[in-house]
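Asks: If you scroll down you'll find the structure; I have some questions about it.
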Amino acid sequence: MATALFDIAHLLLTILTWIIIIQVVLSLLVAFNVLNTHSAGVRGVMNALERITDPLYRPIRRVLPDFGPIDFSPMVVIIVIVILHKLLDGAESSLIYGSL
């Protein structure tokens, strides 16, 4: 039962990582005029991704200094997700092997 909860947490963190990566790639494509934001589909996807990721970025953007056009908050969130993965692995292994 506990391993299933750890697996769900890992899955959700992995999905969040991919959402962040997709958002970063799309924002780069928009910045280099590969994608046009006048398209309703592109604009809808970008807005949906921003609604998902902005609550994660907002506290980090308050702490990080302004680097101009470069936004390091997605990288910080991905680093935090990697740390959470490691912590979950450690908690899972101590739960499994600690009960033996």
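Lettering and numbering for the structure tokens are positional, with chains as A, B, ... in the shown order, residues counted from 1 in each chain, and ligands counted from 1 in the shown order.
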Apply DSSP to the backbone of this structure and, from chain A, keep only the residues in alpha helix (DSSP H); write these as a PyMOL selection string.

Replies: chain A and resi 2-31+40-63+73-98

Asks: May I have the residues within 12 Å of Arg43 of chain A as number ranges by chain, using only C-alpha atoms and disregarding those fewer than 6 positions away in the same chain?

Replies: A: 23, 26-27, 30, 35-37, 49-50

Asks: Using N, CA, C and O atoms, can you export the residues from the last selection as a PDB file, in the first residue's frame?

Replies:
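As written to disk, out32.pdb reads:
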ATOM      1  N   GLN A  23       6.591  23.682 -21.189  1.00  0.00           N
ATOM      2  CA  GLN A  23       6.338  25.109 -21.118  1.00  0.00           C
ATOM      3  C   GLN A  23       7.579  25.917 -21.484  1.00  0.00           C
ATOM      4  O   GLN A  23       7.489  26.912 -22.198  1.00  0.00           O
ATOM      5  N   LEU A  26       8.089  25.632 -25.295  1.00  0.00           N
ATOM      6  CA  LEU A  26       7.106  26.448 -26.014  1.00  0.00           C
ATOM      7  C   LEU A  26       7.401  27.937 -25.868  1.00  0.00           C
ATOM      8  O   LEU A  26       7.252  28.690 -26.838  1.00  0.00           O
ATOM      9  N   SER A  27       7.822  28.373 -24.688  1.00  0.00           N
ATOM     10  CA  SER A  27       8.119  29.796 -24.526  1.00  0.00           C
ATOM     11  C   SER A  27       9.340  30.203 -25.354  1.00  0.00           C
ATOM     12  O   SER A  27       9.390  31.316 -25.876  1.00  0.00           O
ATOM     13  N   VAL A  30       8.112  30.523 -28.929  1.00  0.00           N
ATOM     14  CA  VAL A  30       7.384  31.783 -29.102  1.00  0.00           C
ATOM     15  C   VAL A  30       8.368  32.949 -29.125  1.00  0.00           C
ATOM     16  O   VAL A  30       8.224  33.865 -29.939  1.00  0.00           O
ATOM     17  N   LEU A  35       6.661  29.833 -33.193  1.00  0.00           N
ATOM     18  CA  LEU A  35       5.223  29.685 -32.994  1.00  0.00           C
ATOM     19  C   LEU A  35       4.596  31.069 -32.892  1.00  0.00           C
ATOM     20  O   LEU A  35       5.178  31.986 -32.333  1.00  0.00           O
ATOM     21  N   ASN A  36       3.390  31.194 -33.409  1.00  0.00           N
ATOM     22  CA  ASN A  36       2.685  32.454 -33.409  1.00  0.00           C
ATOM     23  C   ASN A  36       1.645  32.440 -32.299  1.00  0.00           C
ATOM     24  O   ASN A  36       0.778  31.571 -32.259  1.00  0.00           O
ATOM     25  N   THR A  37       1.704  33.422 -31.400  1.00  0.00           N
ATOM     26  CA  THR A  37       0.752  33.472 -30.299  1.00  0.00           C
ATOM     27  C   THR A  37      -0.614  33.983 -30.733  1.00  0.00           C
ATOM     28  O   THR A  37      -1.541  33.993 -29.929  1.00  0.00           O
ATOM     29  N   LEU A  49      -0.638  26.057 -19.519  1.00  0.00           N
ATOM     30  CA  LEU A  49       0.636  25.737 -18.878  1.00  0.00           C
ATOM     31  C   LEU A  49       1.046  26.807 -17.871  1.00  0.00           C
ATOM     32  O   LEU A  49       1.595  26.501 -16.812  1.00  0.00           O
ATOM     33  N   GLU A  50       0.762  28.072 -18.192  1.00  0.00           N
ATOM     34  CA  GLU A  50       1.073  29.149 -17.249  1.00  0.00           C
ATOM     35  C   GLU A  50       0.237  29.036 -15.988  1.00  0.00           C
ATOM     36  O   GLU A  50       0.726  29.271 -14.888  1.00  0.00           O
TER      37      GLU A  50
END

Asks: Looking at A:Val45, A:Ile96, A:Leu56, A:Leu64, which one is nearest to Leu16 of chain A, with distances taken over only C-alpha atoms?

Replies: A:Leu56

Asks: Nearest to Val25 of chain A: which of A:His85, A:Pro74, A:Pro55, A:Ile79 is it, counting only C-alpha atoms?

Replies: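 Among the listed residues, the smallest separation from Val25 of chain A belongs to A:Pro74.
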
Asks: Taking 6 positions as the minimum chain separation for residues in the same chain, which residues sit within 9 Å of Leu13 of chain A when counting only C-alpha atoms? Answer as a JSON list (two decimals) with N, CA, C and O atoms, in the first residue's frame.

Replies:
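As a result, result-v1.json now contains:
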[["chain", "number", "residue", "atom", "x", "y", "z"],
["A", 81, "ILE", "N", 12.22, 19.40, -7.54],
["A", 81, "ILE", "CA", 11.54, 18.14, -7.86],
["A", 81, "ILE", "C", 12.52, 16.97, -7.79],
["A", 81, "ILE", "O", 12.19, 15.90, -7.27],
["A", 82, "VAL", "N", 13.74, 17.16, -8.28],
["A", 82, "VAL", "CA", 14.76, 16.10, -8.19],
["A", 82, "VAL", "C", 15.07, 15.79, -6.73],
["A", 82, "VAL", "O", 15.19, 14.62, -6.34],
["A", 84, "LEU", "N", 13.03, 16.22, -4.22],
["A", 84, "LEU", "CA", 11.86, 15.51, -3.69],
["A", 84, "LEU", "C", 11.87, 14.04, -4.12],
["A", 84, "LEU", "O", 11.48, 13.16, -3.34],
["A", 85, "HIS", "N", 12.28, 13.77, -5.36],
["A", 85, "HIS", "CA", 12.41, 12.37, -5.81],
["A", 85, "HIS", "C", 13.38, 11.61, -4.91],
["A", 85, "HIS", "O", 13.10, 10.49, -4.49]]

Asks: To one decimal place in Å, what is the distance between atom CA of Val77 of chain A and atom CA of Ile8 of chain A?

Replies: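 We find that atom CA of Val77 of chain A and atom CA of Ile8 of chain A lie 19.0 Å from each other.
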
Asks: Name the residues in contact with segment 69-71 of chain A at a cut-off of 12 Å, using only C-alpha atoms, excluding same-chain residues fewer than 2 positions from it; report them as a ChimeraX atom specification.

Replies: /A:24,27-28,31,57-58,60-62,64-67,73-77

Asks: Keeping only N, CA, C and O atoms, take the residues you just selected and write them out as a PDB file, in the first residue's frame.

Replies:
ATOM      1  N   VAL A  24       8.741  25.496 -21.024  1.00  0.00           N
ATOM      2  CA  VAL A  24       9.983  26.206 -21.347  1.00  0.00           C
ATOM      3  C   VAL A  24      10.262  26.136 -22.846  1.00  0.00           C
ATOM      4  O   VAL A  24      10.604  27.145 -23.477  1.00  0.00           O
ATOM      5  N   SER A  27       7.822  28.373 -24.688  1.00  0.00           N
ATOM      6  CA  SER A  27       8.119  29.796 -24.526  1.00  0.00           C
ATOM      7  C   SER A  27       9.340  30.203 -25.354  1.00  0.00           C
ATOM      8  O   SER A  27       9.390  31.316 -25.876  1.00  0.00           O
ATOM      9  N   LEU A  28      10.312  29.291 -25.491  1.00  0.00           N
ATOM     10  CA  LEU A  28      11.451  29.584 -26.365  1.00  0.00           C
ATOM     11  C   LEU A  28      11.020  29.650 -27.831  1.00  0.00           C
ATOM     12  O   LEU A  28      11.489  30.509 -28.583  1.00  0.00           O
ATOM     13  N   ALA A  31       9.384  32.916 -28.271  1.00  0.00           N
ATOM     14  CA  ALA A  31      10.355  34.014 -28.217  1.00  0.00           C
ATOM     15  C   ALA A  31      11.135  34.147 -29.513  1.00  0.00           C
ATOM     16  O   ALA A  31      11.482  35.258 -29.920  1.00  0.00           O
ATOM     17  N   TYR A  57       6.217  29.024  -9.675  1.00  0.00           N
ATOM     18  CA  TYR A  57       7.271  29.983  -9.985  1.00  0.00           C
ATOM     19  C   TYR A  57       7.207  31.241  -9.123  1.00  0.00           C
ATOM     20  O   TYR A  57       8.241  31.846  -8.840  1.00  0.00           O
ATOM     21  N   ARG A  58       6.005  31.661  -8.737  1.00  0.00           N
ATOM     22  CA  ARG A  58       5.824  32.952  -8.073  1.00  0.00           C
ATOM     23  C   ARG A  58       6.688  33.115  -6.819  1.00  0.00           C
ATOM     24  O   ARG A  58       7.370  34.141  -6.686  1.00  0.00           O
ATOM     25  N   ILE A  60       9.443  31.634  -6.042  1.00  0.00           N
ATOM     26  CA  ILE A  60      10.855  31.601  -6.431  1.00  0.00           C
ATOM     27  C   ILE A  60      11.240  32.906  -7.107  1.00  0.00           C
ATOM     28  O   ILE A  60      12.334  33.432  -6.882  1.00  0.00           O
ATOM     29  N   ARG A  61      10.355  33.463  -7.907  1.00  0.00           N
ATOM     30  CA  ARG A  61      10.648  34.733  -8.574  1.00  0.00           C
ATOM     31  C   ARG A  61      10.771  35.873  -7.581  1.00  0.00           C
ATOM     32  O   ARG A  61      11.489  36.849  -7.833  1.00  0.00           O
ATOM     33  N   ARG A  62      10.077  35.768  -6.434  1.00  0.00           N
ATOM     34  CA  ARG A  62      10.212  36.799  -5.406  1.00  0.00           C
ATOM     35  C   ARG A  62      11.591  36.774  -4.762  1.00  0.00           C
ATOM     36  O   ARG A  62      12.095  37.805  -4.342  1.00  0.00           O
ATOM     37  N   LEU A  64      14.548  35.155  -6.179  1.00  0.00           N
ATOM     38  CA  LEU A  64      15.651  35.297  -7.142  1.00  0.00           C
ATOM     39  C   LEU A  64      15.787  36.733  -7.619  1.00  0.00           C
ATOM     40  O   LEU A  64      14.790  37.430  -7.797  1.00  0.00           O
ATOM     41  N   PRO A  65      17.010  37.176  -7.850  1.00  0.00           N
ATOM     42  CA  PRO A  65      17.178  38.513  -8.434  1.00  0.00           C
ATOM     43  C   PRO A  65      16.733  38.511  -9.900  1.00  0.00           C
ATOM     44  O   PRO A  65      16.619  37.460 -10.533  1.00  0.00           O
ATOM     45  N   ASP A  66      16.498  39.698 -10.414  1.00  0.00           N
ATOM     46  CA  ASP A  66      16.046  39.836 -11.796  1.00  0.00           C
ATOM     47  C   ASP A  66      17.236  39.662 -12.734  1.00  0.00           C
ATOM     48  O   ASP A  66      18.231  40.385 -12.640  1.00  0.00           O
ATOM     49  N   PHE A  67      17.145  38.674 -13.627  1.00  0.00           N
ATOM     50  CA  PHE A  67      18.200  38.415 -14.593  1.00  0.00           C
ATOM     51  C   PHE A  67      17.832  38.908 -15.982  1.00  0.00           C
ATOM     52  O   PHE A  67      18.363  38.438 -16.978  1.00  0.00           O
ATOM     53  N   SER A  73      13.532  30.422 -12.723  1.00  0.00           N
ATOM     54  CA  SER A  73      12.606  29.754 -11.815  1.00  0.00           C
ATOM     55  C   SER A  73      12.213  28.342 -12.275  1.00  0.00           C
ATOM     56  O   SER A  73      12.080  27.457 -11.417  1.00  0.00           O
ATOM     57  N   PRO A  74      12.047  28.050 -13.579  1.00  0.00           N
ATOM     58  CA  PRO A  74      11.771  26.655 -13.952  1.00  0.00           C
ATOM     59  C   PRO A  74      12.905  25.705 -13.575  1.00  0.00           C
ATOM     60  O   PRO A  74      12.652  24.585 -13.119  1.00  0.00           O
ATOM     61  N   MET A  75      14.141  26.167 -13.708  1.00  0.00           N
ATOM     62  CA  MET A  75      15.271  25.328 -13.352  1.00  0.00           C
ATOM     63  C   MET A  75      15.300  25.062 -11.846  1.00  0.00           C
ATOM     64  O   MET A  75      15.573  23.943 -11.409  1.00  0.00           O
ATOM     65  N   VAL A  76      14.973  26.070 -11.053  1.00  0.00           N
ATOM     66  CA  VAL A  76      14.941  25.898  -9.603  1.00  0.00           C
ATOM     67  C   VAL A  76      13.842  24.907  -9.214  1.00  0.00           C
ATOM     68  O   VAL A  76      14.051  24.044  -8.357  1.00  0.00           O
ATOM     69  N   VAL A  77      12.683  25.003  -9.846  1.00  0.00           N
ATOM     70  CA  VAL A  77      11.592  24.078  -9.550  1.00  0.00           C
ATOM     71  C   VAL A  77      11.983  22.652  -9.928  1.00  0.00           C
ATOM     72  O   VAL A  77      11.702  21.703  -9.182  1.00  0.00           O
TER      73      VAL A  77
END

Asks: Separation of atom CA of Leu87 of chain A and atom CA of Met1 of chain A, in Å?

Replies: 18.4 Å

Asks: In Å, how far is it from atom CA of Trp18 of chain A to atom CA of Ser94 of chain A?

Replies: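 These two atoms are separated by 27.8 Å.
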